[in-house]
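Here the structure comes first, spelled out in structure tokens, and everything after it is commentary.
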Amino acid sequence: MKKFLHLLAAICITSVHLAYGQVFPETFTSSVCSNCAPLGYNIVSGEPAIANIVGYPGVWWASGIPAPPSKNEALFPNTNGVFVSLKSTGNQSAKISVVSGGFVPGFQYTLRYYVLSSKEQLSSYGSTATLRIATTDQFPAIIATKVTNFNGNIHQWIQQELTFTAPAAQLEFSLFGTSNAGTGYVNFDIYSRPFTCKIPGGQVKFIRDSDVTPFACATENLYENVQLPIPAGAQVIWKTNPNVTWGTLTTQQASQASPLPPGQQYYAFYKGENIPYECYNTEISAAAFSFTSVETQAALKSNSAAINCTDQSSFDLTGQQAQSPHEIRWFNNDQHAGPMLPNPAQAAIGTYYAFYFNPSGNCYSTNKALLSSAFSVTAATICCNNPNNPSSQIALSGSNANIACPMQTADLTSFLPQPLSLPPNTVIEWFTSSDHTTGKIDNPTAVTTGTYYVFAHDLTYGCYNTNVSTSYINVTTPCAAAELTTTLDIDGLSFNEGAERDFIINLHETAGFGTNGNVSFRVSKIGAFDISYPTSSGVSNVFGGVNNMNGNWSFSEDDNFITVSSNVALLANSVSVIGFKIKRKADKPAGITQNLTAVIVVNSGGEKNGYNNAVVTAVSTN
């Protein structure tokens with residue numbers, strides 16, 4: 001397509017259609033001469049001549065005459081700078097005529113030409129210049145006449161236009177002039193391509209003005225979109241630009257047009273057919289036809305189906321294709337790579353992708369299929385699986401159960417993949433044997449020490465996903481150790497200047513086991529408050545008074561923490577209370593909030609878990 005567009009650009013650049021018009025007998029085909037006419041013209045009366053800016057034999061202009069405009073034409077210029085000169089005395093004028101053919105009856109033409117009034121030293125100027133168009137019948141009919149009154153506009157070429165509708169294929173053009181006083185001269189300069197031609201009927205009309213294809217390789221016969229009838233003597237041509245001077249598509253290019261990028265269009269013109277000059281209906285076409293390609297996914301009725309492998313071993317993908325005029329090809333990948341599926345009416349278990357295909361251009365409607373164009377053939381039962389295939393195993397999230405104290409059992413189901421997709425009427429079962437022959441587990445959510453193997457069991461067909469499971473969970477002996485947690489109690493969390501309150505740290509044993517070894521916890525020091533403590537047991541002023549056990553604990557400090565360690569073991573299911581005091585520092589302003597934190601040291605008293613060993617309470621200054 002890119003190569004084609006480059007070709008059109010080259011045609012436009014090198015086109016000779018700088019102006020479009022009829023090839024007409026020009027007025028400068030002869031050199032300077034007297035009593036003569038340009039090639040193809042007839043002398044009707046008088047003694048016409050071919051002159052230049054000086055004059056012609058026997059006649060010299062009284063003053064300089066500019067070169068005729070045809071000398072500056074880009075194509076076939078009037079290099080000699082000559083023109084027709086017609087001498088007039090009153091109404092008696094030299095007169096010439098020429099018959100030109102190739103006109104299409106009913107077409108509108110505009111003839112552009114130039115006239116100039118001149119004189120000799122002792123003569124007068126020409127007064128009028130006349131161009132008359134008539135039929136060539138035995139009794140000619142005048143079609144159009146243009147009379148130019150010079151009115152003192154002398155020694156300058158004046159452009160004139162004469163518009164007419166051709167009644168016949170051949171017409172006669174006559175040139176002559178007049179002089180109001182004495183003898184004068186009227187001069188004509190007519191280029192060989194003086195016509196613009198307009199075909200009646202207005203803009204080309206379409207049956208439809210756009211088309212969209214899913215294929216970048218598709219083609220469109222642009223002619224089939226034109227509404228009939230078209231004007232007599234005309235044909236439809238196509239361009240990729242609305243300007244008539246742009247390069248024209250060949251018949252083959254227009255009948256096999258490729259999609260254009262968005263925003264670009266094909267433009268239609270009426271053009272004269274089999275005539276020796278170019279006629280169009282318009283210089284700028286508004287008859288634009290849009291032909292674009294849009295990447296398109298193949299449409300399916302659904303996207304999945306299941307087979308049971310007992311009375312159905314394959315699935316007919318063609319039955320899932322939505323109605324479409326396009327050929328569909330199936331692949332086992334989303335980029336139509338490699339060979340296509342040879343028989344989509346008998347597709348085995350797997351995932352397949354549908355693509356629209358254009359056989360004439362050998363291309364697809366997209367290079368990558370989306371999930372909307374994918375179809376999965378799945379197994380309605382695990383009996384379809386190969387029991388010896390490792391992929392048939394149930395993938396667990398781990399193989400060891402880490403029981404968190406004080407829990408004494410493990411939940412096997414927490415290791416199953418999520419989400420777990422199973423065929424209908426299929427369940428997960430656990431066994432203590434790897435071949436599901438013995439040791440079926442009734443409650444897999446609460447198992448004790450042992451190794452447990454997982455299977456999928458199809459209750460309809462009686463099969464298992466595998467003969468021997470390699471997916472298992474090892475559950476180790478539950479721990480039998482103390483479990484400590486802590487809480488903090490205080491009567492208020494906001495402190496005015498000089499305020500002081502008691503607070504207590506409670507250590508709870510929750511597993512039902514006494515501690516084994518030293519128990520320690522730390523209280524963080526905070527900058528806006530002072531924290532102190534008694535070293536002997538007493539009463540802490542919390543909730544009206546609570547007995548503390550400070551005498552059973554030892555206290556030490558560094559710059560960051562107060563560390564408190566037990567002197568005696570904590571009993572099973574007991575609570576130990578340790579009392580403290582907290583006071584707002586005198587130099588601290590209001591608006592400060594800090595966290596009062598107590599953390600049990602890891603492995604204190606032989607406990608195994610530290611997930612609930614901290615308590616944090618925010619206090620602030622008023």
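In the structure tokens, chains take the letters A, B, ... in the order shown, each chain's residues start at 1, and ligands count up from 1 in the order shown.
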
Neighbour list for Gln253 in chain A as a tab-separated table (two decimals) with all heavy atoms, in the first residue's frame, cut-off 10 Å, only C-alpha atoms, skip fewer than 2 positions in-chain:
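Result written to selection02.tsv:
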chain	number	residue	atom	x	y	z
A	4	PHE	N	2.21	1.91	-3.39
A	4	PHE	CA	1.15	2.45	-4.25
A	4	PHE	C	0.98	3.95	-4.03
A	4	PHE	O	0.87	4.73	-4.97
A	4	PHE	CB	-0.15	1.69	-3.96
A	4	PHE	CG	-1.37	2.31	-4.59
A	4	PHE	CD1	-1.46	2.46	-5.97
A	4	PHE	CD2	-2.42	2.73	-3.80
A	4	PHE	CE1	-2.58	3.01	-6.53
A	4	PHE	CE2	-3.55	3.28	-4.37
A	4	PHE	CZ	-3.62	3.42	-5.75
A	219	THR	N	-9.52	-5.58	-0.89
A	219	THR	CA	-9.64	-4.59	-1.95
A	219	THR	C	-11.12	-4.26	-2.17
A	219	THR	O	-12.00	-5.03	-1.80
A	219	THR	CB	-9.03	-5.09	-3.27
A	219	THR	OG1	-9.71	-6.28	-3.70
A	219	THR	CG2	-7.54	-5.38	-3.10
A	220	GLU	N	-11.34	-3.11	-2.80
A	220	GLU	CA	-12.70	-2.64	-3.05
A	220	GLU	C	-12.77	-2.16	-4.50
A	220	GLU	O	-11.89	-1.44	-4.98
A	220	GLU	CB	-13.03	-1.47	-2.12
A	220	GLU	CG	-14.37	-0.81	-2.39
A	220	GLU	CD	-15.48	-1.36	-1.51
A	220	GLU	OE1	-15.18	-2.18	-0.63
A	220	GLU	OE2	-16.64	-0.97	-1.72
A	221	ASN	N	-13.84	-2.57	-5.21
A	221	ASN	CA	-14.09	-2.04	-6.55
A	221	ASN	C	-14.85	-0.73	-6.39
A	221	ASN	O	-16.05	-0.71	-6.14
A	221	ASN	CB	-14.90	-3.03	-7.39
A	221	ASN	CG	-15.03	-2.58	-8.84
A	221	ASN	OD1	-14.81	-1.42	-9.17
A	221	ASN	ND2	-15.39	-3.50	-9.70
A	222	LEU	N	-14.12	0.38	-6.51
A	222	LEU	CA	-14.73	1.69	-6.25
A	222	LEU	C	-15.86	1.99	-7.22
A	222	LEU	O	-16.83	2.67	-6.87
A	222	LEU	CB	-13.66	2.78	-6.34
A	222	LEU	CG	-12.51	2.68	-5.33
A	222	LEU	CD1	-11.51	3.80	-5.57
A	222	LEU	CD2	-13.01	2.71	-3.91
A	238	TRP	N	-11.04	8.11	-10.56
A	238	TRP	CA	-10.80	8.19	-9.12
A	238	TRP	C	-9.41	8.76	-8.85
A	238	TRP	O	-8.46	8.50	-9.58
A	238	TRP	CB	-10.91	6.81	-8.48
A	238	TRP	CG	-12.30	6.26	-8.50
A	238	TRP	CD1	-12.87	5.53	-9.49
A	238	TRP	CD2	-13.29	6.42	-7.49
A	238	TRP	NE1	-14.16	5.21	-9.17
A	238	TRP	CE2	-14.45	5.74	-7.94
A	238	TRP	CE3	-13.33	7.06	-6.25
A	238	TRP	CZ2	-15.61	5.67	-7.18
A	238	TRP	CZ3	-14.49	7.00	-5.49
A	238	TRP	CH2	-15.62	6.32	-5.97
A	248	THR	N	-4.39	10.39	-11.45
A	248	THR	CA	-5.58	9.56	-11.57
A	248	THR	C	-5.21	8.09	-11.40
A	248	THR	O	-4.20	7.63	-11.92
A	248	THR	CB	-6.24	9.76	-12.94
A	248	THR	OG1	-6.59	11.14	-13.08
A	248	THR	CG2	-7.50	8.91	-13.08
A	249	LEU	N	-6.04	7.36	-10.65
A	249	LEU	CA	-5.84	5.92	-10.50
A	249	LEU	C	-6.12	5.23	-11.84
A	249	LEU	O	-7.03	5.63	-12.58
A	249	LEU	CB	-6.76	5.34	-9.43
A	249	LEU	CG	-6.65	5.91	-8.01
A	249	LEU	CD1	-7.57	5.12	-7.08
A	249	LEU	CD2	-5.23	5.87	-7.49
A	250	THR	N	-5.38	4.18	-12.11
A	250	THR	CA	-5.69	3.38	-13.28
A	250	THR	C	-6.98	2.61	-13.02
A	250	THR	O	-7.43	2.48	-11.88
A	250	THR	CB	-4.56	2.39	-13.59
A	250	THR	OG1	-4.47	1.45	-12.52
A	250	THR	CG2	-3.22	3.12	-13.76
A	251	THR	N	-7.55	2.08	-14.09
A	251	THR	CA	-8.78	1.30	-13.94
A	251	THR	C	-8.55	0.12	-13.01
A	251	THR	O	-9.40	-0.21	-12.17
A	251	THR	CB	-9.26	0.80	-15.32
A	251	THR	OG1	-9.48	1.93	-16.16
A	251	THR	CG2	-10.54	0.00	-15.19
A	255	SER	N	-10.40	-0.48	-9.42
A	255	SER	CA	-11.25	-1.67	-9.26
A	255	SER	C	-10.70	-2.62	-8.20
A	255	SER	O	-11.40	-3.55	-7.78
A	255	SER	CB	-11.39	-2.41	-10.60
A	255	SER	OG	-10.12	-2.83	-11.07
A	256	GLN	N	-9.46	-2.40	-7.75
A	256	GLN	CA	-8.86	-3.20	-6.69
A	256	GLN	C	-8.21	-2.26	-5.67
A	256	GLN	O	-7.04	-2.41	-5.31
A	256	GLN	CB	-7.83	-4.18	-7.26
A	256	GLN	CG	-8.42	-5.19	-8.22
A	256	GLN	CD	-7.35	-6.13	-8.79
A	256	GLN	OE1	-6.18	-6.03	-8.49
A	256	GLN	NE2	-7.79	-7.05	-9.63
A	257	ALA	N	-8.99	-1.32	-5.19
A	257	ALA	CA	-8.46	-0.29	-4.29
A	257	ALA	C	-8.21	-0.88	-2.91
A	257	ALA	O	-9.00	-1.66	-2.39
A	257	ALA	CB	-9.44	0.88	-4.19
A	258	SER	N	-7.10	-0.47	-2.31
A	258	SER	CA	-6.74	-0.92	-0.97
A	258	SER	C	-7.33	0.02	0.08
A	258	SER	O	-7.61	1.19	-0.21
A	258	SER	CB	-5.22	-0.96	-0.83
A	258	SER	OG	-4.64	-1.86	-1.75

**OP:** Determine, counting only C-alpha atoms, which protein, DNA and RNA residues have an atom within 6 Å of an atom of Ala354 in chain A; residues of the same chain fewer than 2 positions away are not included. Present the result as a ChimeraX atom specification.
**Re:** /A:298,329-330,373

Got time to write the residues from that selection, N, CA, C and O atoms, as a PDB file, in the first residue's frame?
ATOM      1  N   ALA A 298     -12.590 -12.151  15.816  1.00  0.00           N
ATOM      2  CA  ALA A 298     -13.619 -13.096  15.391  1.00  0.00           C
ATOM      3  C   ALA A 298     -14.667 -13.248  16.501  1.00  0.00           C
ATOM      4  O   ALA A 298     -14.325 -13.396  17.672  1.00  0.00           O
ATOM      5  N   ARG A 329     -10.478 -19.245  10.754  1.00  0.00           N
ATOM      6  CA  ARG A 329      -9.460 -20.257  10.971  1.00  0.00           C
ATOM      7  C   ARG A 329      -9.144 -20.327  12.458  1.00  0.00           C
ATOM      8  O   ARG A 329      -9.144 -19.307  13.148  1.00  0.00           O
ATOM      9  N   TRP A 330      -8.851 -21.558  12.938  1.00  0.00           N
ATOM     10  CA  TRP A 330      -8.573 -21.804  14.352  1.00  0.00           C
ATOM     11  C   TRP A 330      -7.109 -22.168  14.540  1.00  0.00           C
ATOM     12  O   TRP A 330      -6.527 -22.904  13.733  1.00  0.00           O
ATOM     13  N   SER A 373     -12.182 -14.042  21.553  1.00  0.00           N
ATOM     14  CA  SER A 373     -12.096 -14.938  20.398  1.00  0.00           C
ATOM     15  C   SER A 373     -11.448 -16.270  20.763  1.00  0.00           C
ATOM     16  O   SER A 373     -11.053 -17.016  19.876  1.00  0.00           O
TER      17      SER A 373
END

**OP:** From a DSSP calculation on the backbone, collect every residue of range 99-278 of chain A in strand (DSSP E or B) and output the set as a PyMOL selection string.
**Re:** chain A and resi 99-100+108-118+120+128-135+142-149+158-165+171-178+183-189+195-198+206+210-213+220+226+234-239+243+248+257+266-272+277

Residues within 10 Å of Leu300 in chain A, please, as a PDB file with C-alpha atoms, in the first residue's frame. Count only C-alpha atoms; anything in the same chain fewer than 3 positions from it doesn't count.
ATOM      1  CA  GLN A 297     -11.753  -9.995  16.521  1.00  0.00           C
ATOM      2  CA  ASN A 303     -16.019 -19.270  25.044  1.00  0.00           C
ATOM      3  CA  LEU A 317     -15.670 -25.506  17.428  1.00  0.00           C
ATOM      4  CA  THR A 318     -17.430 -24.497  14.197  1.00  0.00           C
ATOM      5  CA  GLY A 319     -20.771 -24.573  15.968  1.00  0.00           C
ATOM      6  CA  GLN A 320     -19.577 -21.762  18.254  1.00  0.00           C
ATOM      7  CA  GLN A 321     -18.764 -19.341  15.406  1.00  0.00           C
ATOM      8  CA  ALA A 322     -21.124 -16.357  15.259  1.00  0.00           C
ATOM      9  CA  GLN A 323     -22.657 -15.758  11.841  1.00  0.00           C
ATOM     10  CA  SER A 324     -20.163 -13.908   9.652  1.00  0.00           C
ATOM     11  CA  ALA A 354     -10.432 -17.953  16.132  1.00  0.00           C
ATOM     12  CA  SER A 372     -13.318 -12.892  23.391  1.00  0.00           C
ATOM     13  CA  SER A 373     -12.096 -14.938  20.398  1.00  0.00           C
ATOM     14  CA  ALA A 374     -10.737 -17.796  22.520  1.00  0.00           C
ATOM     15  CA  PHE A 375     -12.533 -21.071  23.172  1.00  0.00           C
TER      16      PHE A 375
END

Which residues of range 244-356 of chain A have any atom within 10 Å of an atom in range 193-217 of chain A when counting only C-alpha atoms, and what is the closest pair of atoms for each, with the distance in Å to one decimal? Order the rows by chain and rising number and write it as JSON lines.
{"residue": "A:Ala257", "atom": "CA", "partner": "A:Cys217", "partner_atom": "CA", "distance": 10.0}
{"residue": "A:Ser258", "atom": "CA", "partner": "A:Cys217", "partner_atom": "CA", "distance": 7.0}
{"residue": "A:Pro259", "atom": "CA", "partner": "A:Ala216", "partner_atom": "CA", "distance": 6.5}
{"residue": "A:Leu260", "atom": "CA", "partner": "A:Ala216", "partner_atom": "CA", "distance": 9.0}
{"residue": "A:Pro261", "atom": "CA", "partner": "A:Ala216", "partner_atom": "CA", "distance": 9.9}
{"residue": "A:Gln265", "atom": "CA", "partner": "A:Ser210", "partner_atom": "CA", "distance": 9.2}
{"residue": "A:Tyr266", "atom": "CA", "partner": "A:Asp209", "partner_atom": "CA", "distance": 9.8}
{"residue": "A:Tyr267", "atom": "CA", "partner": "A:Val204", "partner_atom": "CA", "distance": 9.1}
{"residue": "A:Ala268", "atom": "CA", "partner": "A:Val204", "partner_atom": "CA", "distance": 6.3}
{"residue": "A:Phe269", "atom": "CA", "partner": "A:Val204", "partner_atom": "CA", "distance": 6.2}
{"residue": "A:Tyr270", "atom": "CA", "partner": "A:Val204", "partner_atom": "CA", "distance": 6.7}
{"residue": "A:Lys271", "atom": "CA", "partner": "A:Ile199", "partner_atom": "CA", "distance": 7.3}
{"residue": "A:Gly272", "atom": "CA", "partner": "A:Ile199", "partner_atom": "CA", "distance": 7.4}
{"residue": "A:Tyr277", "atom": "CA", "partner": "A:Arg193", "partner_atom": "CA", "distance": 8.5}
{"residue": "A:Glu278", "atom": "CA", "partner": "A:Cys197", "partner_atom": "CA", "distance": 7.0}
{"residue": "A:Cys279", "atom": "CA", "partner": "A:Cys197", "partner_atom": "CA", "distance": 4.6}
{"residue": "A:Tyr280", "atom": "CA", "partner": "A:Lys198", "partner_atom": "CA", "distance": 5.2}
{"residue": "A:Asn281", "atom": "CA", "partner": "A:Ile199", "partner_atom": "CA", "distance": 4.3}
{"residue": "A:Thr282", "atom": "CA", "partner": "A:Lys198", "partner_atom": "CA", "distance": 6.6}
{"residue": "A:Glu283", "atom": "CA", "partner": "A:Lys198", "partner_atom": "CA", "distance": 8.9}
{"residue": "A:Ile284", "atom": "CA", "partner": "A:Gln203", "partner_atom": "CA", "distance": 9.4}
{"residue": "A:Ser285", "atom": "CA", "partner": "A:Gln203", "partner_atom": "CA", "distance": 6.8}
{"residue": "A:Ala286", "atom": "CA", "partner": "A:Gln203", "partner_atom": "CA", "distance": 6.7}
{"residue": "A:Ala287", "atom": "CA", "partner": "A:Val204", "partner_atom": "CA", "distance": 5.7}
{"residue": "A:Ala288", "atom": "CA", "partner": "A:Asp209", "partner_atom": "CA", "distance": 6.8}
{"residue": "A:Phe289", "atom": "CA", "partner": "A:Asp209", "partner_atom": "CA", "distance": 4.8}
{"residue": "A:Ser290", "atom": "CA", "partner": "A:Ser210", "partner_atom": "CA", "distance": 4.5}
{"residue": "A:Phe291", "atom": "CA", "partner": "A:Asp211", "partner_atom": "CA", "distance": 5.0}
{"residue": "A:Thr292", "atom": "CA", "partner": "A:Val212", "partner_atom": "CA", "distance": 5.1}
{"residue": "A:Ser293", "atom": "CA", "partner": "A:Thr213", "partner_atom": "CA", "distance": 4.7}
{"residue": "A:Val294", "atom": "CA", "partner": "A:Pro214", "partner_atom": "CA", "distance": 5.0}
{"residue": "A:Glu295", "atom": "CA", "partner": "A:Pro214", "partner_atom": "CA", "distance": 5.4}
{"residue": "A:Thr296", "atom": "CA", "partner": "A:Pro214", "partner_atom": "CA", "distance": 5.4}
{"residue": "A:Gln297", "atom": "CA", "partner": "A:Pro214", "partner_atom": "CA", "distance": 8.6}
{"residue": "A:Ala298", "atom": "CA", "partner": "A:Pro214", "partner_atom": "CA", "distance": 9.8}
{"residue": "A:His326", "atom": "CA", "partner": "A:Pro214", "partner_atom": "CA", "distance": 9.3}
{"residue": "A:Tyr356", "atom": "CA", "partner": "A:Pro214", "partner_atom": "CA", "distance": 8.0}

**OP:** Measure the distance from CA of Phe580 in chain A to CA of Asn550 in chain A in Å and round it to one decimal.
**Re:**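 Pair CA of Phe580 in chain A / CA of Asn550 in chain A returns 9.2 Å.
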